$ cat query_33.cif   # mmCIF, C-alpha atoms
data_protein
loop_
_atom_site.label_atom_id
_atom_site.label_comp_id
_atom_site.auth_asym_id
_atom_site.auth_seq_id
_atom_site.Cartn_x
_atom_site.Cartn_y
_atom_site.Cartn_z
CA ALA A 1 -13.05 31.66 -45.05
CA ASN A 2 -13.19 29.87 -48.43
CA PRO A 3 -16.58 30.12 -50.17
CA ASP A 4 -15.50 27.72 -52.92
CA LEU A 5 -15.43 24.69 -50.57
CA ALA A 6 -18.43 22.39 -50.09
CA ALA A 7 -19.10 20.29 -46.98
CA ASN A 8 -20.84 16.92 -47.39
CA THR A 9 -22.35 15.38 -44.26
CA ASP A 10 -25.04 12.99 -43.05
CA THR A 11 -28.25 14.62 -41.92
CA GLY A 12 -28.59 12.22 -38.99
CA TYR A 13 -26.53 11.97 -35.82
CA TYR A 14 -26.29 9.92 -32.67
CA ASP A 15 -25.86 11.09 -29.11
CA GLN A 16 -23.24 9.18 -27.13
CA PRO A 17 -23.58 10.16 -23.47
CA VAL A 18 -20.66 10.50 -21.09
CA PHE A 19 -20.97 7.76 -18.46
CA TYR A 20 -19.51 8.25 -15.03
CA ASP A 21 -19.42 5.29 -12.72
CA GLN A 22 -22.73 4.99 -10.92
CA PRO A 23 -22.53 2.02 -8.53
CA ALA A 24 -25.78 1.05 -6.90
CA PRO A 25 -26.21 2.25 -3.29
CA ALA A 26 -25.55 -0.47 -0.74
CA GLN A 27 -25.98 -1.07 2.98
CA ARG A 28 -22.50 -1.10 4.53
CA VAL A 29 -22.07 -3.79 7.19
CA THR A 30 -19.30 -5.40 9.22
CA VAL A 31 -18.61 -9.14 9.17
CA ASP A 32 -20.25 -9.53 12.59
CA GLN A 33 -23.35 -7.67 11.42
CA LEU A 34 -23.51 -9.83 8.30
CA GLU A 35 -23.23 -13.06 10.28
CA HIS A 36 -25.88 -11.83 12.71
CA MET A 37 -28.21 -11.16 9.78
CA LEU A 38 -27.54 -14.61 8.30
CA GLY A 39 -28.19 -16.26 11.64
CA LYS A 40 -31.54 -14.46 12.01
CA ALA A 41 -32.65 -14.82 8.38
CA ASN A 42 -36.07 -16.43 8.15
CA GLY A 43 -36.80 -15.79 4.47
CA GLY A 44 -36.41 -18.16 1.58
CA ASP A 45 -33.46 -18.55 -0.71
CA LYS A 46 -34.51 -15.73 -3.07
CA ASP A 47 -35.25 -13.28 -0.24
CA VAL A 48 -31.89 -13.84 1.47
CA ALA A 49 -30.06 -13.51 -1.86
CA GLN A 50 -31.77 -10.17 -2.55
CA GLU A 51 -30.86 -8.86 0.89
CA LEU A 52 -27.22 -9.89 0.44
CA ALA A 53 -27.10 -8.29 -3.01
CA GLY A 54 -27.91 -4.93 -1.40
CA MET A 55 -25.00 -5.07 1.05
CA GLU A 56 -21.34 -4.06 1.02
CA LEU A 57 -18.79 -5.25 3.58
CA THR A 58 -16.56 -2.71 5.34
CA GLU A 59 -13.98 -5.37 6.28
CA ARG A 60 -12.73 -8.63 4.87
CA MET A 61 -14.68 -11.85 5.29
CA SER A 62 -12.07 -14.61 5.41
CA SER A 63 -12.24 -17.74 3.28
CA VAL A 64 -12.59 -19.79 6.47
CA LYS A 65 -15.64 -17.84 7.66
CA LEU A 66 -17.15 -17.97 4.19
CA GLN A 67 -16.97 -21.77 4.08
CA VAL A 68 -18.69 -22.03 7.47
CA TRP A 69 -21.87 -20.72 5.85
CA LYS A 70 -21.83 -22.95 2.79
CA GLY A 71 -24.14 -25.59 4.20
CA ARG A 72 -26.16 -23.30 6.44
CA LEU A 73 -27.82 -21.03 3.88
CA ALA A 74 -31.27 -21.50 2.42
CA GLY A 75 -30.12 -22.49 -1.05
CA GLU A 76 -27.94 -21.90 -4.10
CA ARG A 77 -29.01 -18.30 -4.74
CA SER A 78 -28.13 -17.09 -1.27
CA TRP A 79 -24.78 -18.93 -1.38
CA VAL A 80 -23.89 -17.32 -4.72
CA ALA A 81 -24.83 -13.90 -3.35
CA LEU A 82 -22.73 -14.45 -0.22
CA VAL A 83 -19.67 -15.53 -2.23
CA ALA A 84 -19.96 -12.46 -4.46
CA LEU A 85 -20.28 -10.22 -1.39
CA ALA A 86 -17.32 -11.84 0.38
CA ASP A 87 -15.12 -11.81 -2.74
CA ARG A 88 -15.56 -8.07 -3.14
CA SER A 89 -14.22 -7.65 0.42
CA MET A 90 -10.98 -9.55 -0.26
CA PHE A 91 -8.97 -6.34 -0.63
CA LEU A 92 -10.01 -4.89 2.73
CA ALA A 93 -8.39 -5.24 6.14
CA PRO A 94 -9.75 -8.01 8.38
CA PRO A 95 -12.01 -7.25 11.37
CA VAL A 96 -10.22 -5.70 14.32
CA GLY A 97 -10.84 -8.85 16.36
CA GLU A 98 -8.78 -10.87 13.85
CA ILE A 99 -5.72 -8.61 14.18
CA PRO A 100 -3.36 -9.77 16.97
CA ALA A 101 -2.73 -7.04 19.54
CA ALA A 102 1.06 -7.36 19.37
CA ALA A 103 3.60 -4.58 18.99
CA PRO A 104 5.04 -4.12 15.49
CA PRO A 105 8.54 -5.53 14.97
CA ASP A 106 11.50 -3.18 14.97
CA SER A 107 13.23 -2.15 11.75
CA ALA A 108 15.91 -4.85 11.97
CA THR A 109 13.30 -7.60 12.42
CA GLN A 110 11.23 -6.26 9.52
CA HIS A 111 14.33 -6.24 7.31
CA ALA A 112 15.07 -9.85 8.29
CA MET A 113 11.48 -10.89 7.50
CA LEU A 114 11.66 -9.34 4.04
CA ALA A 115 15.09 -10.84 3.37
CA ARG A 116 13.73 -14.29 4.23
CA THR A 117 10.78 -13.76 1.88
CA ILE A 118 13.01 -12.59 -0.98
CA GLU A 119 15.18 -15.66 -0.49
CA TYR A 120 12.10 -17.88 -0.46
CA VAL A 121 10.76 -16.50 -3.73
CA ASP A 122 14.21 -16.50 -5.33
CA LYS A 123 15.18 -20.05 -4.39
CA THR A 124 12.12 -22.08 -3.41
CA ILE A 125 9.76 -21.11 -6.22
CA SER A 126 12.39 -21.97 -8.83
CA LYS A 127 12.67 -25.50 -7.39
CA LEU A 128 9.00 -26.39 -7.58
CA PRO A 129 8.49 -29.69 -9.42
CA ASN A 130 6.52 -30.11 -12.62
CA PHE A 131 2.92 -30.75 -11.62
CA PHE A 132 -0.65 -30.25 -12.77
CA THR A 133 -3.74 -29.09 -10.94
CA THR A 134 -7.43 -28.55 -11.55
CA ARG A 135 -8.49 -24.91 -11.65
CA THR A 136 -12.22 -24.43 -11.00
CA THR A 137 -13.44 -21.00 -12.07
CA VAL A 138 -16.81 -19.59 -11.08
CA GLN A 139 -17.63 -16.53 -13.16
CA TYR A 140 -19.76 -13.68 -11.82
CA ASP A 141 -21.19 -10.88 -13.92
CA GLU A 142 -23.82 -8.19 -13.74
CA PRO A 143 -27.05 -9.18 -15.50
CA PRO A 144 -27.37 -8.00 -19.12
CA GLN A 145 -29.74 -5.24 -20.08
CA GLU A 146 -33.33 -6.28 -20.37
CA GLU A 147 -35.03 -6.57 -23.73
CA GLY A 148 -36.02 -3.17 -25.01
CA GLN A 149 -33.78 -1.29 -22.55
CA THR A 150 -31.74 1.43 -24.22
CA TRP A 151 -27.96 1.22 -24.08
CA LYS A 152 -27.94 4.74 -22.63
CA THR A 153 -29.60 3.60 -19.40
CA VAL A 154 -27.82 2.28 -16.32
CA ALA A 155 -29.19 -1.15 -15.43
CA GLY A 156 -31.38 -1.27 -12.35
CA ASP A 157 -29.84 -4.53 -11.08
CA GLN A 158 -26.08 -4.15 -10.64
CA SER A 159 -25.62 -7.12 -8.33
CA LEU A 160 -23.26 -9.92 -9.29
CA HIS A 161 -24.86 -13.12 -10.55
CA LYS A 162 -23.26 -16.49 -11.20
CA LEU A 163 -22.61 -16.82 -14.91
CA GLU A 164 -20.81 -20.13 -15.43
CA THR A 165 -18.50 -22.68 -13.79
CA PHE A 166 -15.80 -24.59 -15.64
CA ASN A 167 -12.68 -26.65 -14.89
CA THR A 168 -9.31 -26.29 -16.57
CA THR A 169 -6.16 -28.36 -16.09
CA VAL A 170 -3.15 -26.13 -15.47
CA LEU A 171 0.33 -27.54 -15.99
CA PHE A 172 3.26 -26.04 -14.12
CA ARG A 173 6.26 -27.07 -16.18
CA ASN A 174 9.77 -25.58 -15.96
CA ASN A 175 8.40 -22.75 -13.78
CA GLN A 176 5.84 -21.81 -16.43
CA GLU A 177 2.04 -22.07 -16.33
CA VAL A 178 0.59 -23.87 -19.33
CA LEU A 179 -3.09 -24.54 -19.98
CA ASP A 180 -3.97 -27.89 -21.47
CA ALA A 181 -5.36 -28.04 -25.00
CA ASP A 182 -8.99 -27.89 -23.88
CA GLY A 183 -8.25 -24.93 -21.62
CA ARG A 184 -6.67 -22.99 -24.47
CA LYS A 185 -9.65 -23.62 -26.73
CA GLU A 186 -12.10 -22.50 -24.05
CA ARG A 187 -10.09 -19.39 -23.28
CA LYS A 188 -9.93 -18.45 -26.96
CA ALA A 189 -13.64 -19.04 -27.44
CA ARG A 190 -14.54 -16.76 -24.52
CA ALA A 191 -12.24 -13.89 -25.45
CA PRO A 192 -14.69 -11.86 -27.57
CA GLU A 193 -17.45 -12.14 -24.96
CA ARG A 194 -15.81 -11.92 -21.57
CA THR A 195 -12.10 -11.76 -20.84
CA LEU A 196 -10.92 -11.85 -17.25
CA ILE A 197 -7.68 -13.83 -17.49
CA THR A 198 -4.97 -13.90 -14.83
CA VAL A 199 -1.47 -15.17 -15.63
CA GLY A 200 1.38 -15.81 -13.20
CA THR A 201 -0.44 -17.07 -10.10
CA PHE A 202 2.07 -19.86 -9.36
CA GLY A 203 5.18 -17.73 -9.06
CA PRO A 204 5.65 -14.84 -11.51
CA ILE A 205 3.18 -12.64 -9.62
CA LEU A 206 5.27 -13.08 -6.44
CA VAL A 207 8.43 -12.12 -8.32
CA MET A 208 6.69 -9.07 -9.84
CA VAL A 209 5.44 -7.86 -6.46
CA LEU A 210 8.76 -8.19 -4.66
CA GLN A 211 10.76 -6.81 -7.57
CA GLY A 212 8.51 -3.78 -7.76
CA ALA A 213 8.05 -3.29 -4.01
CA THR A 214 11.83 -3.25 -3.32
CA ALA A 215 12.73 -1.05 -6.30
CA PRO A 216 13.84 2.58 -5.83
CA GLY A 217 10.85 4.90 -5.87
CA SER A 218 8.44 2.30 -4.49
CA ASP A 219 6.86 2.41 -1.04
CA LEU A 220 7.18 -0.75 1.09
CA LYS A 221 6.20 -0.66 4.73
CA TRP A 222 4.99 -2.69 7.68
CA THR A 223 1.19 -2.75 8.03
CA ARG A 224 -0.01 -5.14 10.76
CA TRP A 225 -0.04 -8.62 12.22
CA GLU A 226 -2.73 -10.97 10.98
CA LYS A 227 -4.03 -14.33 12.19
CA GLY A 228 -2.93 -17.26 10.06
CA VAL A 229 -3.98 -20.90 10.12
CA SER A 230 -1.37 -21.92 12.70
CA SER A 231 0.44 -18.71 13.66
CA SER A 232 0.49 -14.96 13.13
CA LEU A 233 1.43 -13.59 9.72
CA ALA A 234 3.43 -10.43 9.06
CA VAL A 235 1.65 -8.13 6.60
CA PHE A 236 3.47 -5.54 4.49
CA SER A 237 1.90 -3.06 2.10
CA PHE A 238 3.49 -1.76 -1.09
CA ALA A 239 2.93 0.82 -3.81
CA VAL A 240 4.79 0.66 -7.12
CA PRO A 241 4.81 3.65 -9.52
CA ARG A 242 3.76 3.45 -13.15
CA SER A 243 7.35 4.18 -14.20
CA LEU A 244 8.19 0.53 -13.46
CA PRO A 245 6.51 -1.35 -16.35
CA LEU A 246 5.85 -4.60 -14.49
CA PHE A 247 2.06 -4.92 -14.29
CA GLU A 248 -0.24 -5.02 -17.30
CA VAL A 249 -4.02 -4.94 -17.45
CA GLY A 250 -6.23 -5.29 -20.49
CA PHE A 251 -9.76 -4.74 -21.66
CA CYS A 252 -11.79 -6.22 -24.47
CA CYS A 253 -12.74 -4.24 -26.22
CA LEU A 254 -12.61 -0.57 -27.15
CA ALA A 255 -15.80 0.78 -28.65
CA ASP A 256 -14.05 2.32 -31.64
CA PRO A 257 -14.50 1.22 -34.34
CA ASP A 258 -16.74 -1.82 -33.81
CA GLY A 259 -16.08 -3.26 -30.34
CA THR A 260 -13.35 -5.71 -31.39
CA LEU A 261 -10.12 -3.79 -30.66
CA PRO A 262 -8.43 -4.96 -27.41
CA PHE A 263 -6.80 -2.48 -25.06
CA LYS A 264 -3.75 -3.05 -22.84
CA THR A 265 -1.77 -0.73 -20.60
CA ARG A 266 1.03 -0.88 -18.03
CA THR A 267 0.06 0.62 -14.70
CA GLY A 268 1.34 1.28 -11.25
CA TYR A 269 -0.03 -1.02 -8.58
CA HIS A 270 -0.44 -1.39 -4.85
CA GLY A 271 -1.43 -4.08 -2.41
CA GLU A 272 -0.35 -6.27 0.50
CA PHE A 273 1.37 -9.56 1.16
CA ALA A 274 1.26 -11.69 4.30
CA ILE A 275 4.31 -13.81 5.07
CA ASP A 276 4.97 -16.84 7.23
CA LEU A 277 7.54 -15.96 9.89
CA VAL A 278 9.39 -19.30 9.74
CA SER A 279 9.68 -20.07 6.03
CA GLY A 280 9.28 -16.58 4.60
CA ALA A 281 6.58 -17.91 2.25
CA ILE A 282 3.92 -15.49 1.03
CA LEU A 283 0.57 -16.99 2.07
CA ARG A 284 -1.70 -14.19 0.93
CA LEU A 285 -1.27 -11.53 -1.72
CA THR A 286 -3.35 -8.70 -3.16
CA VAL A 287 -2.52 -6.52 -6.17
CA GLN A 288 -4.66 -3.62 -7.39
CA SER A 289 -3.96 -1.43 -10.41
CA ASP A 290 -3.61 2.33 -10.17
CA LEU A 291 -5.62 3.32 -13.22
CA GLU A 292 -6.25 6.75 -14.67
CA PRO A 293 -9.95 7.73 -14.48
CA ARG A 294 -10.15 8.44 -18.23
CA LEU A 295 -9.51 4.79 -19.16
CA PRO A 296 -12.26 2.25 -19.99
CA ILE A 297 -11.09 0.26 -16.92
CA ILE A 298 -11.35 1.99 -13.56
CA GLN A 299 -10.65 -0.92 -11.16
CA SER A 300 -8.68 -4.14 -11.55
CA GLY A 301 -7.22 -6.45 -8.93
CA ILE A 302 -6.34 -9.97 -7.86
CA MET A 303 -6.09 -11.77 -4.52
CA VAL A 304 -4.27 -15.11 -4.14
CA GLU A 305 -4.18 -17.36 -1.08
CA TYR A 306 -1.40 -19.95 -0.81
CA GLY A 307 -1.07 -23.01 1.41
CA SER A 308 0.63 -26.35 1.84
CA VAL A 309 -0.31 -29.08 -0.66
CA GLU A 310 1.14 -32.54 -1.15
CA VAL A 311 2.65 -33.19 -4.56
CA GLY A 312 4.47 -36.45 -5.20
CA GLY A 313 4.77 -37.27 -1.50
CA GLN A 314 6.21 -33.88 -0.50
CA ASN A 315 4.60 -30.66 0.71
CA TYR A 316 4.88 -27.44 -1.27
CA ILE A 317 3.35 -23.97 -0.94
CA CYS A 318 0.97 -23.57 -3.88
CA PRO A 319 -2.13 -21.50 -4.75
CA LEU A 320 -5.34 -22.63 -3.06
CA ARG A 321 -7.74 -19.88 -4.06
CA SER A 322 -7.83 -16.61 -5.96
CA VAL A 323 -10.28 -13.81 -6.66
CA SER A 324 -9.87 -11.46 -9.61
CA PHE A 325 -12.15 -8.62 -10.61
CA GLN A 326 -12.40 -5.74 -13.02
CA ARG A 327 -14.78 -2.80 -13.31
CA GLN A 328 -14.96 -1.68 -16.90
CA ARG A 329 -17.15 0.02 -19.46
CA THR A 330 -19.70 -2.00 -21.32
CA VAL A 331 -19.68 -1.74 -25.10
CA SER A 332 -22.61 -1.98 -27.50
CA VAL A 333 -22.36 -2.26 -31.26
CA LEU A 334 -25.11 -0.25 -32.95
CA HIS A 335 -26.30 -0.48 -36.51
CA GLU A 336 -27.64 2.93 -37.39
CA LEU A 337 -27.37 5.40 -40.27
CA GLY A 338 -26.39 2.55 -42.55
CA LYS A 339 -23.25 1.85 -40.52
CA GLY A 340 -22.15 -0.35 -37.63
CA PHE A 341 -20.18 1.26 -34.81
CA GLY A 342 -19.35 0.69 -31.17
CA VAL A 343 -20.44 2.92 -28.31
CA TYR A 344 -19.58 2.87 -24.62
CA GLY A 345 -22.26 2.09 -22.07
CA PRO A 346 -22.33 2.17 -18.26
CA PHE A 347 -19.64 0.55 -16.12
CA ALA A 348 -20.05 -3.05 -14.94
CA THR A 349 -18.09 -5.45 -12.74
CA VAL A 350 -16.85 -8.91 -13.70
CA LEU A 351 -15.41 -11.26 -11.07
CA ASP A 352 -13.84 -14.73 -11.07
CA ASP A 353 -13.72 -16.95 -7.97
CA VAL A 354 -11.05 -19.61 -8.52
CA ALA A 355 -10.14 -22.73 -6.52
CA PHE A 356 -7.12 -24.98 -7.14
CA SER A 357 -7.36 -28.68 -6.25
CA GLN A 358 -6.14 -32.18 -7.16
CA TYR A 359 -2.43 -31.43 -7.35
CA HIS A 360 -0.44 -34.23 -8.99
CA MET A 361 3.14 -34.70 -10.02
CA PHE A 362 3.62 -34.38 -13.77
CA ARG A 363 5.75 -37.35 -14.77
CA GLY A 364 5.80 -40.33 -17.06
CA GLU A 365 6.58 -43.93 -16.26
CA ALA A 366 8.44 -46.40 -18.49
CA ARG A 367 8.72 -50.17 -18.22
CA VAL A 368 10.94 -52.40 -20.33
CA LEU A 369 9.30 -55.73 -21.27
CA SER A 370 11.05 -58.90 -22.36
CA GLY A 371 10.01 -60.47 -25.65
CA ASP A 372 7.69 -63.03 -24.07
CA GLU A 373 5.84 -60.65 -21.71
CA THR A 374 2.34 -59.43 -22.50
CA PRO A 375 2.02 -55.63 -22.51
CA PRO A 376 -0.27 -54.32 -19.75
CA GLU A 377 -3.66 -52.95 -20.71
CA GLU A 378 -3.73 -49.24 -21.43
CA LYS A 379 -5.37 -46.99 -18.83
#
$ encode --input "query_33.cif" --output "structure tokens"
Amino acid sequence: ANPDLAANTDTGYYDQPVFYDQPAPAQRVTVDQLEHMLGKANGGDKDVAQELAGMELTERMSSVKLQVWKGRLAGERSWVALVALADRSMFLAPPVGEIPAAAPPDSATQHAMLARTIEYVDKTISKLPNFFTTRTTVQYDEPPQEEGQTWKTVAGDQSLHKLETFNTTVLFRNNQEVLDADGRKERKARAPERTLITVGTFGPILVMVLQGATAPGSDLKWTRWEKGVSSSLAVFSFAVPRSLPLFEVGFCCLADPDGTLPFKTRTGYHGEFAIDLVSGAILRLTVQSDLEPRLPIIQSGIMVEYGSVEVGGQNYICPLRSVSFQRQRTVSVLHELGKGFGVYGPFATVLDDVAFSQYHMFRGEARVLSGDETPPEEK
């Protein structure tokens, strides 16, 4: 429309494809079928690991059943593959045989159960002592692209492989989680490469779930009975809309402009919690985000198992194990046309398997010495 204008442009271009999630096809099996396969496996460590990598569970493999196989597999590779397979099933219902065949409680009993749980979270969690614990994190990731493979190609191997294991001391002080100095340094150093960080495991996540699940507009309902360590657990499911800004997920990093811009969003969420009938304590919890398909994250969730631990001579309900995962776009930074820019690649899954151990009371001791006493040696 205006012949006096001139357009200046590069003569080159790049083609950024639209990636839809393309998970690798897998053989769907039950827990019984999986255990039958493991019991009959005659191959070596590598062969068993490859067979496990091609499977997907249709029901949850419990932490107890998983540990039974730890010393019975051929080697480290098959154990890593089994843990990755079991961890991905943590958000499913247990096998039918592990669900007690008891009638659901009536509405009044359900209301009493939930009231006991709300009281537990409101009063008991706030009275937890100051303590510290060792958090052992095993990181799982999909293998990187092979040398020479274009960023436009979906990787052939999408199975989860063990990436690294590290320990961090977590302090629980004044109802707040605090990483020790070394933990903060390690977390900061890993942020640009791989960020799967969960905050609030020791109490805030319980408050968030109950606050959201009991809010107007949310859906909270009875789901089933479930076998616990010593008695049956009552399981409730919940769904919280996005209009309640309680749950945040993040992603590092957006492709534009150069793969260094972090992304965070508040989402709705859904999940389950299993409660002890006597104390009202939540002994198992799952939370999964309800994410829009257009986002660079399409799945994100966490599972936490709680149990009794001794701290300072008394027993408290604290985290024993957690699994967190995220399925997100990969990002590559290209250097073409004289410029550097980020582009999105295929989706990939990252997963953390976390165990909490060595709980100790966080306290100091003081001793007053007289002038003629020799100070004790430092330890």
$ closest_residue --input "query_33.cif" --among "A:Asn42, A:Thr136, A:Thr201, A:Ser230" --to "Ser308 (chain A)" --atoms "all atoms listed in the file"
A:Ser230
$ residues_near_point --input "query_33.cif" --point "(6.6, -23.5, 0.5)" --cutoff "12 Å" --atoms "all atoms listed in the file" --output "MDAnalysis selection string"
chainID A and resid 117 119:129 202:203 275:276 278:283 306:311 314:319
$ residues_around --input "query_33.cif" --residues "Gly313 (chain A)" --least-positions-apart "5" --cutoff "12 Å" --atoms "all atoms listed in the file" --output "list in words"
Pro129, Tyr359, His360 and Met361 of chain A
$ resolve_selection --input "query_33.cif" --expression "the PyMOL selection byres ((chain A and resi 248) around 10)" --output "list in words"
Pro245, Leu246, Phe247, Val249, Gly250, Lys264, Thr265, Arg266, Thr267, Gly268, Tyr269 and Ser289 of chain A
$ atom_distance --input "query_33.cif" --atom1 "CA of Ala274 (chain A)" --atom2 "CA of Met61 (chain A)"
16.0 Å
$ resolve_selection --input "query_33.cif" --expression "the PyMOL selection byres ((chain A and resi 272) around 8)" --output "ChimeraX atom specification"
/A:235-238,270-271,273-274,285-287
